[in-house]
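Chemist: Mind looking over this structure? Questions follow.
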Amino acid sequence: MRYIKSRDQLNEELNRTQRAILHLPMILGANLFKKLTGIEPLLNYKWTDIKKKTIDSKFDPLFARSRSSSPMNQINDRIEKIELKDIPKNKLGFTMFFKKWNIYRVIDRTHSDHVSSREDLQRPIVYISRDVIKTSDYYLGERISDRSIYVDDPDFKVSNISKYPIIVMIAKADKAEETTRMEDYITDICVELEDNFPVFSKIIFDKRGDQLEISIFVDQGYKLYFDDNLDSKLESVRKGVESYLKLEGYKLRGKIKYFISDSLWYYGDLSRFTKSFKKSDTKSHDGMGHLKNPTGINIARLSYRGEIGSDDLRFLINDKENCFSIRGQDDVDNMFDFNPGEISELNGLSTSRPDSINIKKIKINFEKY
């Protein structure tokens, strides 16, 4: 029996297409039922999809519309718990019958679907959830269509729309409070880096708990150059954060990404960077903002894709004879005429530190593994 998996376990392991096939009979039956009765029968499945999105940003919902780019919202309004009978004639009773749902009314705010401040067009806002929620909670949500709620009510029309609440189904982000608290501790881990270099850090721990980003910026008026000491300190921060996350029960692995300040081009062995090319990059471009010309690659631009690590920087420093740093309009005008066989002298890495590379910012991205 231990090898028999539940439907929920299968959902965890299957991709969206496979889940659609698994649920196809139910989806077809539900759509037919909705067409015949006007009742939304998949409310529980929609909510389960949204709930999954509150812990897994890469989860692709089948029943809900929430996507990976959906931002977390925070309840900033006062809310009060109400009963289903407090909502005018509706069809929510059937769809909410099999599970315990909580219903909340927003106290101090209304919303109008019309571009108008007319009071008779303002509608109450009601949250429905299988979670217990409170003001300050973070959540993901999806508005339920009026047609799925009030379709049979002959009084549902613009003339008295203010009587009918807008219904939003929401799922609470259970890890939001914990990740906010953990940001303070992660900030402390970065202090040693800030004590040794002219930088400051910004921590963003996704409220889902499956992504963390440490952005490291150079203090205004200063410059930061890559060297082994900087790389060593960054590795110390990465390992320290990974250890802390593991201690708190989060399995996230970090990757350090460097963003180059100079408009640095490389004309040596491009095979090292070809894995980062896209099909459109092979087209002939001009201008310093583009990624590639026929014989070279814009390292600064490539770094903004998050493709440059410490080993890449060491590679470029060791082959600085094949590097070209754009310093003026003449460089921009001439650089696209270069032929590797005709280059006698390139101008190196940087005017200030010819043996290093100027760093604009650094990111350490942690993702679930």
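Residue numbering restarts at 1 in every chain; chains get A, B, ... in the order shown in the structure tokens, and ligands count up from 1 in that same order.
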Would you return as a PyMOL selection string the members of range 129-297 of chain A that DSSP assigns to alpha helix (DSSP H) on this structure's backbone?
Modeler: chain A and resi 147-150+176-189+191-196+228-247
Chemist: Go ahead and save the residues from that selection, with C-alpha atoms, as a compact mmCIF listing (two decimals), in the first residue's frame.
Modeler:
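Contents of again_11.txt, freshly written:
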```
# COMPACT_ATOMS: atom_id res chain seq x y z
CA ARG A 147 -22.45 35.56 -13.60
CA SER A 148 -21.38 32.59 -11.48
CA ILE A 149 -22.86 34.18 -8.35
CA TYR A 150 -25.90 36.30 -9.18
CA ALA A 176 4.78 35.56 4.73
CA GLU A 177 5.29 36.49 8.37
CA GLU A 178 8.18 34.06 8.80
CA THR A 179 10.01 35.18 5.65
CA THR A 180 9.66 38.83 6.72
CA ARG A 181 11.23 37.99 10.09
CA MET A 182 14.03 36.03 8.41
CA GLU A 183 14.95 38.98 6.19
CA ASP A 184 16.28 40.79 9.28
CA TYR A 185 18.63 37.92 10.15
CA ILE A 186 19.84 37.61 6.55
CA THR A 187 20.57 41.35 6.59
CA ASP A 188 22.87 40.74 9.59
CA ILE A 189 24.77 38.07 7.62
CA VAL A 191 26.98 43.19 7.45
CA GLU A 192 30.53 41.83 7.16
CA LEU A 193 30.43 42.41 3.42
CA GLU A 194 29.27 46.00 3.93
CA ASP A 195 32.03 46.56 6.52
CA ASN A 196 34.75 45.52 4.05
CA ASP A 228 39.60 37.17 -5.04
CA ASN A 229 38.87 38.92 -1.74
CA LEU A 230 35.49 40.18 -2.97
CA ASP A 231 34.63 36.77 -4.38
CA SER A 232 35.63 35.07 -1.12
CA LYS A 233 33.44 37.38 0.98
CA LEU A 234 30.48 36.84 -1.35
CA GLU A 235 30.92 33.07 -1.12
CA SER A 236 30.96 33.40 2.66
CA VAL A 237 27.66 35.30 2.55
CA ARG A 238 26.13 32.73 0.16
CA LYS A 239 27.13 29.78 2.34
CA GLY A 240 26.05 31.55 5.52
CA VAL A 241 22.61 32.28 4.13
CA GLU A 242 22.21 28.74 2.78
CA SER A 243 23.08 27.32 6.21
CA TYR A 244 20.61 29.61 7.96
CA LEU A 245 17.85 28.77 5.48
CA LYS A 246 18.49 25.05 5.93
CA LEU A 247 18.32 25.47 9.70
```
Chemist: Excluding same-chain residues fewer than 2 positions from Tyr104 in chain A, what lies within 6 Å of it counting only C-alpha atoms, as a ChimeraX atom specification?
Modeler: /A:80-82,126-127
Chemist: Could you check the closest approach to Lys134 in chain A for each of A:Arg353, A:Lys360, A:Arg78, A:Lys91 and tell me which residue wins, using only C-alpha atoms?
Modeler: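 For Lys134 in chain A, the nearest of the candidates is A:Arg78.
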Chemist: Taking only C-alpha atoms into account, name the residue in A:Thr295, A:Ser325, A:Asn90, A:Ser356 that is nearest to Asp262 in chain A.
Modeler: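 Smallest distance to Asp262 in chain A is found for A:Ser325.
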Chemist: With a distance cut-off of 8 Å and only C-alpha atoms, select the neighbouring residues of Ile125 in chain A, excluding the residue or stretch itself and same-chain residues fewer than 4 positions from it, and output the selection as a list of chain:residue names.
Modeler: A:Arg105, A:Val106, A:Arg109, A:Thr110, A:His111, A:Pro165, A:Ile166, A:Ile167, A:Val168
Chemist: Keeping only N, CA and C atoms, write the selected residues to a file as a PDB file, in the first residue's frame.
Modeler:
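As written to disk, part.pdb reads:
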```pdb
ATOM      1  N   ARG A 105     -16.065  40.631   4.976  1.00  0.00           N
ATOM      2  CA  ARG A 105     -16.419  41.868   4.278  1.00  0.00           C
ATOM      3  C   ARG A 105     -15.398  42.943   4.621  1.00  0.00           C
ATOM      4  N   VAL A 106     -14.961  43.653   3.585  1.00  0.00           N
ATOM      5  CA  VAL A 106     -14.063  44.800   3.789  1.00  0.00           C
ATOM      6  C   VAL A 106     -14.893  45.954   4.337  1.00  0.00           C
ATOM      7  N   ARG A 109     -13.775  50.122   2.559  1.00  0.00           N
ATOM      8  CA  ARG A 109     -13.465  50.354   1.149  1.00  0.00           C
ATOM      9  C   ARG A 109     -14.491  49.678   0.258  1.00  0.00           C
ATOM     10  N   THR A 110     -14.810  50.317  -0.854  1.00  0.00           N
ATOM     11  CA  THR A 110     -15.683  49.748  -1.883  1.00  0.00           C
ATOM     12  C   THR A 110     -14.964  49.839  -3.225  1.00  0.00           C
ATOM     13  N   HIS A 111     -15.614  49.294  -4.249  1.00  0.00           N
ATOM     14  CA  HIS A 111     -15.000  49.318  -5.576  1.00  0.00           C
ATOM     15  C   HIS A 111     -16.090  49.447  -6.628  1.00  0.00           C
ATOM     16  N   PRO A 165     -22.098  42.533  -3.536  1.00  0.00           N
ATOM     17  CA  PRO A 165     -20.644  42.582  -3.328  1.00  0.00           C
ATOM     18  C   PRO A 165     -19.862  41.965  -4.485  1.00  0.00           C
ATOM     19  N   ILE A 166     -18.671  42.486  -4.670  1.00  0.00           N
ATOM     20  CA  ILE A 166     -17.674  41.835  -5.515  1.00  0.00           C
ATOM     21  C   ILE A 166     -17.059  40.710  -4.684  1.00  0.00           C
ATOM     22  N   ILE A 167     -17.024  39.503  -5.228  1.00  0.00           N
ATOM     23  CA  ILE A 167     -16.524  38.340  -4.497  1.00  0.00           C
ATOM     24  C   ILE A 167     -15.118  37.996  -4.976  1.00  0.00           C
ATOM     25  N   VAL A 168     -14.169  37.978  -4.052  1.00  0.00           N
ATOM     26  CA  VAL A 168     -12.786  37.635  -4.375  1.00  0.00           C
ATOM     27  C   VAL A 168     -12.392  36.414  -3.544  1.00  0.00           C
TER      28      VAL A 168
END
```
